[in-house]
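Colleague: Can you keep this structure in mind? I'll have questions shortly.
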Amino acid sequence: MDYSQFLAMKQEIALLCVFLLVFLYDTFMPRESQKGLPVFTVVLMLLATAAGFCSHCLGTSCQSEVFGGMYFTSPVVAAIKTILNIGVVIVLIQSIKWAGGELMIMRRGEFYELLLVTLFGMYLMVSARHFLVFVIGLECASLPLAAMVAFDKNRYESHEAAIKYILTAVFSSAVFMMGLSFVYGLTGSLYFDKIYAAVFGAESTLLVMAVAFVIAGIGFKLSLVPFHLWTADVYQGAPTSVTSYLSVISKGATAFAFLVVMAQVFGSVYSQVWEWMMYALIILTITVGNLFAIRQRNMKRFLAFSSISQAGYIMLGVIAYNALGLAAMMFYILVYIFSNLGAFGVIGAIENATGKVSMDDYRGLSKTNPKLSFVMMLAMFSLAGIPPFAGFFSKFFIFTGALQGASVAIYVLVLIALINTIISLYYYLLVVKAMYISEDECPVKNFKSACSERIGMWIAVAGILFLGLVSPVYDTLIELAANSEIATYFLR
Amino acid sequence: MELKAIYFLIPSLIMFCCGLFGFITRRNMIAMLISLELMLNAVDMNFVIFNRFLFPGQLEGMFFTLFAIAIAAAETALAIAIIINVFRASHNIDVRTLNEMKF
């Protein structure tokens, strides 16, 4: 065996090193220095992210296929992993305060180890070009998350959320693997490219069923609408740091993996088999997510439904089925990471200080905590897509990408998505109204949030303000996507 | 009598559907977990059957099954741990009582 193959897995190896160092620190450092573990993890993750970034700038992240074609990496895949890394760094920074608490003293290391393992699973998922590796990545990404959801041992909701998450996760992976077994029966292979070649032009009922099962299986993880029922409960019950991780990183990674699977495995039957399925899913996801978000009072539940509808917008990048759609999706997820983490940063800060998570508690927040409410307002504007902020540009690109299709159906789809943007504006502004306009006798008292939380929020705000205006970001992404190997599958 | 793939595929499909039905109708978490296990085993059977009957020259399906079994075991272990946690918190493993958060 040629061991130099492992060199292609630079980012995985970097992550593994981070994991091992964190593990060693957790196991062998004396108890007094355990407090430094969160900062230690953040620094290591920052180094890993910077390494990935530099390797992109230096042009050393080349395209290679190793382990008999089971693992694949290319500049675009590396960029996807770097985007995930950036999100993880922000999540880690925001979780320092929570992880430093007294309740966490015995389990601080476990949180970071589980988090890094799930990230490793997501890397595998994005890089897999064989379904065995993909399934291992998927499970590696979802099982430790269940343990993370159950992390707040003293809160009953945490257990309830965890059991809901693990049962739906296992159920969805069973459905997903059933779909894979049909694919295997049809084509006799689990390699992406072999399946692509084998199903070319095929039109069988079994194939439709297999694709439906695969979409359903991944749809559970992405919380697309008929499969979204776990989302709100899990987001509400999980600790806020885990919720933010679930809503941005887990969702972003799964979305990329979904795009890769749909393009490179079932790309040859795009219009016959899964185009109409995706239309139905997207319309349902965006609309139902929006309508349910309106009536939520708990901020975490509210953001859960908002993230469901955002997943629908992200799926527009899949249905676009062109290089611009891929670039738009990457940019959308990057922006979504910053905006959602801005919102979760504020929620986490207020929860850590006062324990309040209801929208009613946010009344009059602008009087007592003007800076926090300003961050929240920016995050809400960005999520809703109001022009100068990054969210507008990401929505703009994803609609442009989808409209390249130029068929009536896709125009109708984008129109529905646009109408839903207006509905979403309503409920995002409900939060802003609660903070700035509503009066309350006893608003949340003025408090000073922890230094780490402030840094996390500053990064999020910087992303929200500048990502849309700094054009090199999306220029790079568009260039990467256009030259990527995935783009070659888009030729219909 | 010649054994065809269909004689094996239909039981595995029935197994999958039984698991699905059980998952939806059962109210005891352990029973739900058993139903999930049935579904996962039906998947494993499917892979083995396809491999044995359609592509006898290769081993891809068998290997997938081996990994799937390992993954299923991990899933079950984790799920049982969480069920025990729930039981400690509420002294009950009926899913109908897990209704603190809804809608």
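Letters for chains follow the order of the structure tokens (A, B, ...), residue numbers begin at 1 for each chain, and ligand numbers begin at 1 in the order shown.
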Enumerate, in order of chain and increasing residue number, the residues of chain B with an atom no farther than 8 Å from chain A, each with its shortest atom pair and distance in Å to one decimal, counting only C-alpha atoms, as CSV.

Modeller:
residue,atom,partner,partner_atom,distance
B:Leu33,CA,A:Leu167,CA,7.5
B:Leu36,CA,A:Phe171,CA,6.3
B:Met39,CA,A:Ala174,CA,6.2
B:Leu40,CA,A:Ala174,CA,5.3
B:Val43,CA,A:Met178,CA,5.2
B:Asn46,CA,A:Ser181,CA,6.2
B:Phe47,CA,A:Ser181,CA,5.5
B:Phe50,CA,A:Gly185,CA,5.3
B:Asn51,CA,A:Gly185,CA,7.6
B:Leu54,CA,A:Gly185,CA,7.3
B:Phe55,CA,A:Gly188,CA,6.4
B:Glu60,CA,A:Ser189,CA,7.2
B:Gly61,CA,A:Tyr184,CA,7.6
B:Phe64,CA,A:Leu132,CA,6.2
B:Phe67,CA,A:Leu132,CA,7.9
B:Ile71,CA,A:Glu139,CA,7.3
B:Glu75,CA,A:Leu143,CA,6.8
B:Leu78,CA,A:Ala147,CA,7.6
B:Ala79,CA,A:Ile166,CA,6.2
B:Ile82,CA,A:Ile163,CA,6.2
B:Ile83,CA,A:Ile163,CA,6.7
B:Asn85,CA,A:His159,CA,6.7
B:Val86,CA,A:His159,CA,5.7
B:Ala89,CA,A:Tyr156,CA,6.5
B:Leu98,CA,A:Glu160,CA,6.2
B:Glu100,CA,A:Glu157,CA,7.2
B:Met101,CA,A:Asp233,CA,6.0
B:Lys102,CA,A:Asp233,CA,6.7
B:Phe103,CA,A:Ala232,CA,7.8

Colleague: So that I can check the surroundings of range 387-394 of chain A, please list as a PDB file with C-alpha atoms, in the first residue's frame every protein, DNA and RNA residue that reaches within 6 Å of it, counting only C-alpha atoms and ignoring chain neighbours fewer than 5 positions away.

Modeller:
ATOM      1  CA  TYR A 332     -24.969  31.383   1.163  1.00  0.00           C
ATOM      2  CA  SER A 382     -29.030  39.671   7.333  1.00  0.00           C
ATOM      3  CA  ILE A 464     -22.506  40.332   8.242  1.00  0.00           C
ATOM      4  CA  LEU A 465     -21.302  43.811   7.320  1.00  0.00           C
ATOM      5  CA  LEU A 467     -18.958  39.638   3.351  1.00  0.00           C
ATOM      6  CA  GLY A 468     -21.414  41.046   0.861  1.00  0.00           C
TER       7      GLY A 468
END

Colleague: Name the closest residue to Ile69 in chain B among the candidates B:Leu9, B:Asn41, B:Met15, B:Asp94; distances are taken between atoms, counting only C-alpha atoms.

Modeller: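 Going through B:Leu9, B:Asn41, B:Met15, B:Asp94 one by one, the smallest distance to Ile69 in chain B is for B:Asn41.
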
Colleague: Any idea what's packed within 10 Å of Phe8 in chain B, counting only C-alpha atoms, ignoring anything in its chain fewer than 2 positions away? Could you give it as a list in words?

Modeller: Leu3, Lys4, Ala5, Ile6, Ile10, Pro11, Ser12, Leu13, Met45, Asn46, Val48, Ile49, Phe50 and Phe53 of chain B

Colleague: Selected residues, C-alpha atoms, written as a PDB file, in the first residue's frame, please.

Modeller:
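Here's the written file selection_31.pdb:
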ATOM      1  CA  LEU B   3     -33.828 -20.370  -4.913  1.00  0.00           C
ATOM      2  CA  LYS B   4     -34.264 -16.981  -6.490  1.00  0.00           C
ATOM      3  CA  ALA B   5     -33.347 -13.587  -5.094  1.00  0.00           C
ATOM      4  CA  ILE B   6     -37.013 -12.709  -4.752  1.00  0.00           C
ATOM      5  CA  ILE B  10     -39.609 -10.193   0.037  1.00  0.00           C
ATOM      6  CA  PRO B  11     -38.885 -11.263   3.630  1.00  0.00           C
ATOM      7  CA  SER B  12     -36.355  -8.462   3.945  1.00  0.00           C
ATOM      8  CA  LEU B  13     -38.895  -5.956   2.627  1.00  0.00           C
ATOM      9  CA  MET B  45     -30.077  -8.462   4.337  1.00  0.00           C
ATOM     10  CA  ASN B  46     -30.857  -6.529   1.190  1.00  0.00           C
ATOM     11  CA  VAL B  48     -26.188  -9.409   1.119  1.00  0.00           C
ATOM     12  CA  ILE B  49     -28.944 -10.689  -1.148  1.00  0.00           C
ATOM     13  CA  PHE B  50     -28.087  -8.307  -3.962  1.00  0.00           C
ATOM     14  CA  PHE B  53     -27.490 -13.180  -6.340  1.00  0.00           C
TER      15      PHE B  53
END

Colleague: Could you state the separation of CA of Cys62 in chain A and CA of Leu477 in chain A in Å, given to one decimal place?

Modeller: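 Going from CA of Cys62 in chain A over to CA of Leu477 in chain A, I get 15.7 Å.
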
Colleague: Return the single residue from B:Ile93, B:Asn99, B:Ala73, B:Ile14 that is closest to Arg26 in chain B, with distances computed using only C-alpha atoms.

Modeller: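 The shortest atom-to-atom distance to Arg26 in chain B comes from B:Ile93.
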
Colleague: With a distance cut-off of 8 Å and only C-alpha atoms, select the neighbouring residues of Ala450 in chain A, excluding the residue or stretch itself and same-chain residues fewer than 3 positions from it, and output the selection as a list in words.

Modeller: Lys97, Ala349, Glu453 and Arg454 of chain A

Colleague: Go ahead and save the residues from that selection, with N, CA and C atoms, as a tab-separated table (two decimals), in the first residue's frame.

Modeller:
chain	number	residue	atom	x	y	z
A	97	LYS	N	-17.59	30.59	27.29
A	97	LYS	CA	-18.21	30.96	28.57
A	97	LYS	C	-19.01	29.77	29.14
A	349	ALA	N	-25.55	34.67	25.05
A	349	ALA	CA	-25.09	35.63	26.06
A	349	ALA	C	-26.21	35.94	27.05
A	453	GLU	N	-17.64	35.93	24.45
A	453	GLU	CA	-18.91	36.12	23.73
A	453	GLU	C	-18.85	37.38	22.88
A	454	ARG	N	-18.21	38.42	23.45
A	454	ARG	CA	-18.12	39.66	22.67
A	454	ARG	C	-17.27	39.46	21.42

Colleague: Need to verify the contact set: Leu16 in chain A, 12 Å, only C-alpha atoms, exclusion of same-chain residues closer than 2 positions in sequence. Can you return it as a list in words?

Modeller: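 Non-adjacent residues within range: Met9, Lys10, Gln11, Glu12, Ile13, Ala14, Val18, Phe19, Leu20, Leu21, Val22, Phe23, Leu44, Met45, Ala48, Glu113, Leu115, Leu116, Val117, Thr118, Leu119, Phe120, Gly121 and Tyr123 of chain A.
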
Colleague: Between CA of Tyr196 in chain A and CA of Ala263 in chain A, what is the distance, to one decimal in Å?

Modeller: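 Atom-to-atom, CA of Tyr196 in chain A and CA of Ala263 in chain A are spaced 8.9 Å apart.
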
Colleague: Using only C-alpha atoms, which residues sit within 8 Å of range 266-268 of chain A once same-chain residues fewer than 2 positions away are excluded, as a list in words?

Modeller: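 My reading of the contact set: Ile195, Tyr196, Ala197, Val199, Phe200, Gly201, Val211, Val261, Met262, Ala263, Gln264, Tyr270, Tyr489, Phe490 and Arg492 of chain A.
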
Colleague: Let me see the file: selected residues, N, CA and C atoms, as a CSV table (one decimal), in the first residue's frame.

Modeller:
chain,number,residue,atom,x,y,z
A,195,ILE,N,-21.9,4.5,-10.3
A,195,ILE,CA,-23.3,4.5,-10.3
A,195,ILE,C,-23.8,5.6,-11.3
A,196,TYR,N,-23.1,6.7,-11.4
A,196,TYR,CA,-23.4,7.7,-12.4
A,196,TYR,C,-23.5,7.1,-13.8
A,197,ALA,N,-22.5,6.3,-14.1
A,197,ALA,CA,-22.5,5.8,-15.5
A,197,ALA,C,-23.6,4.7,-15.6
A,199,VAL,N,-26.6,4.4,-14.1
A,199,VAL,CA,-28.0,4.9,-14.1
A,199,VAL,C,-28.2,5.8,-15.3
A,200,PHE,N,-27.2,6.1,-16.1
A,200,PHE,CA,-27.3,7.1,-17.2
A,200,PHE,C,-28.5,6.7,-18.1
A,201,GLY,N,-29.5,7.6,-18.1
A,201,GLY,CA,-30.6,7.4,-19.0
A,201,GLY,C,-31.6,6.3,-18.5
A,211,VAL,N,-33.8,6.9,-5.2
A,211,VAL,CA,-33.5,8.4,-5.1
A,211,VAL,C,-34.4,9.0,-4.0
A,261,VAL,N,-23.7,14.4,-3.8
A,261,VAL,CA,-24.4,13.1,-4.1
A,261,VAL,C,-25.4,13.3,-5.2
A,262,MET,N,-26.2,14.4,-5.2
A,262,MET,CA,-27.2,14.5,-6.2
A,262,MET,C,-26.5,14.8,-7.6
A,263,ALA,N,-25.4,15.5,-7.6
A,263,ALA,CA,-24.8,15.8,-8.9
A,263,ALA,C,-24.0,14.6,-9.4
A,264,GLN,N,-23.2,14.1,-8.5
A,264,GLN,CA,-22.2,13.1,-9.0
A,264,GLN,C,-22.8,11.7,-9.0
A,270,TYR,N,-31.2,13.8,-13.6
A,270,TYR,CA,-31.7,15.0,-13.0
A,270,TYR,C,-33.1,15.3,-13.4
A,489,TYR,N,-20.2,17.8,-13.9
A,489,TYR,CA,-21.4,16.9,-13.9
A,489,TYR,C,-22.6,17.7,-14.2
A,490,PHE,N,-22.5,19.1,-14.2
A,490,PHE,CA,-23.7,19.9,-14.4
A,490,PHE,C,-24.1,19.9,-15.9
A,492,ARG,N,-25.9,19.2,-18.8
A,492,ARG,CA,-27.0,18.3,-18.9
A,492,ARG,C,-27.0,17.6,-20.3

Colleague: Would you compute the distance between CA of Gly401 in chain A and CA of Val414 in chain A? Give it in Å to one decimal.

Modeller: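 Going from CA of Gly401 in chain A over to CA of Val414 in chain A, I get 10.4 Å.
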
Colleague: Out of chain B, which residues get alpha helix (DSSP H) from DSSP, as a PyMOL selection string?

Modeller: chain B and resi 5-25+29-53+60-90
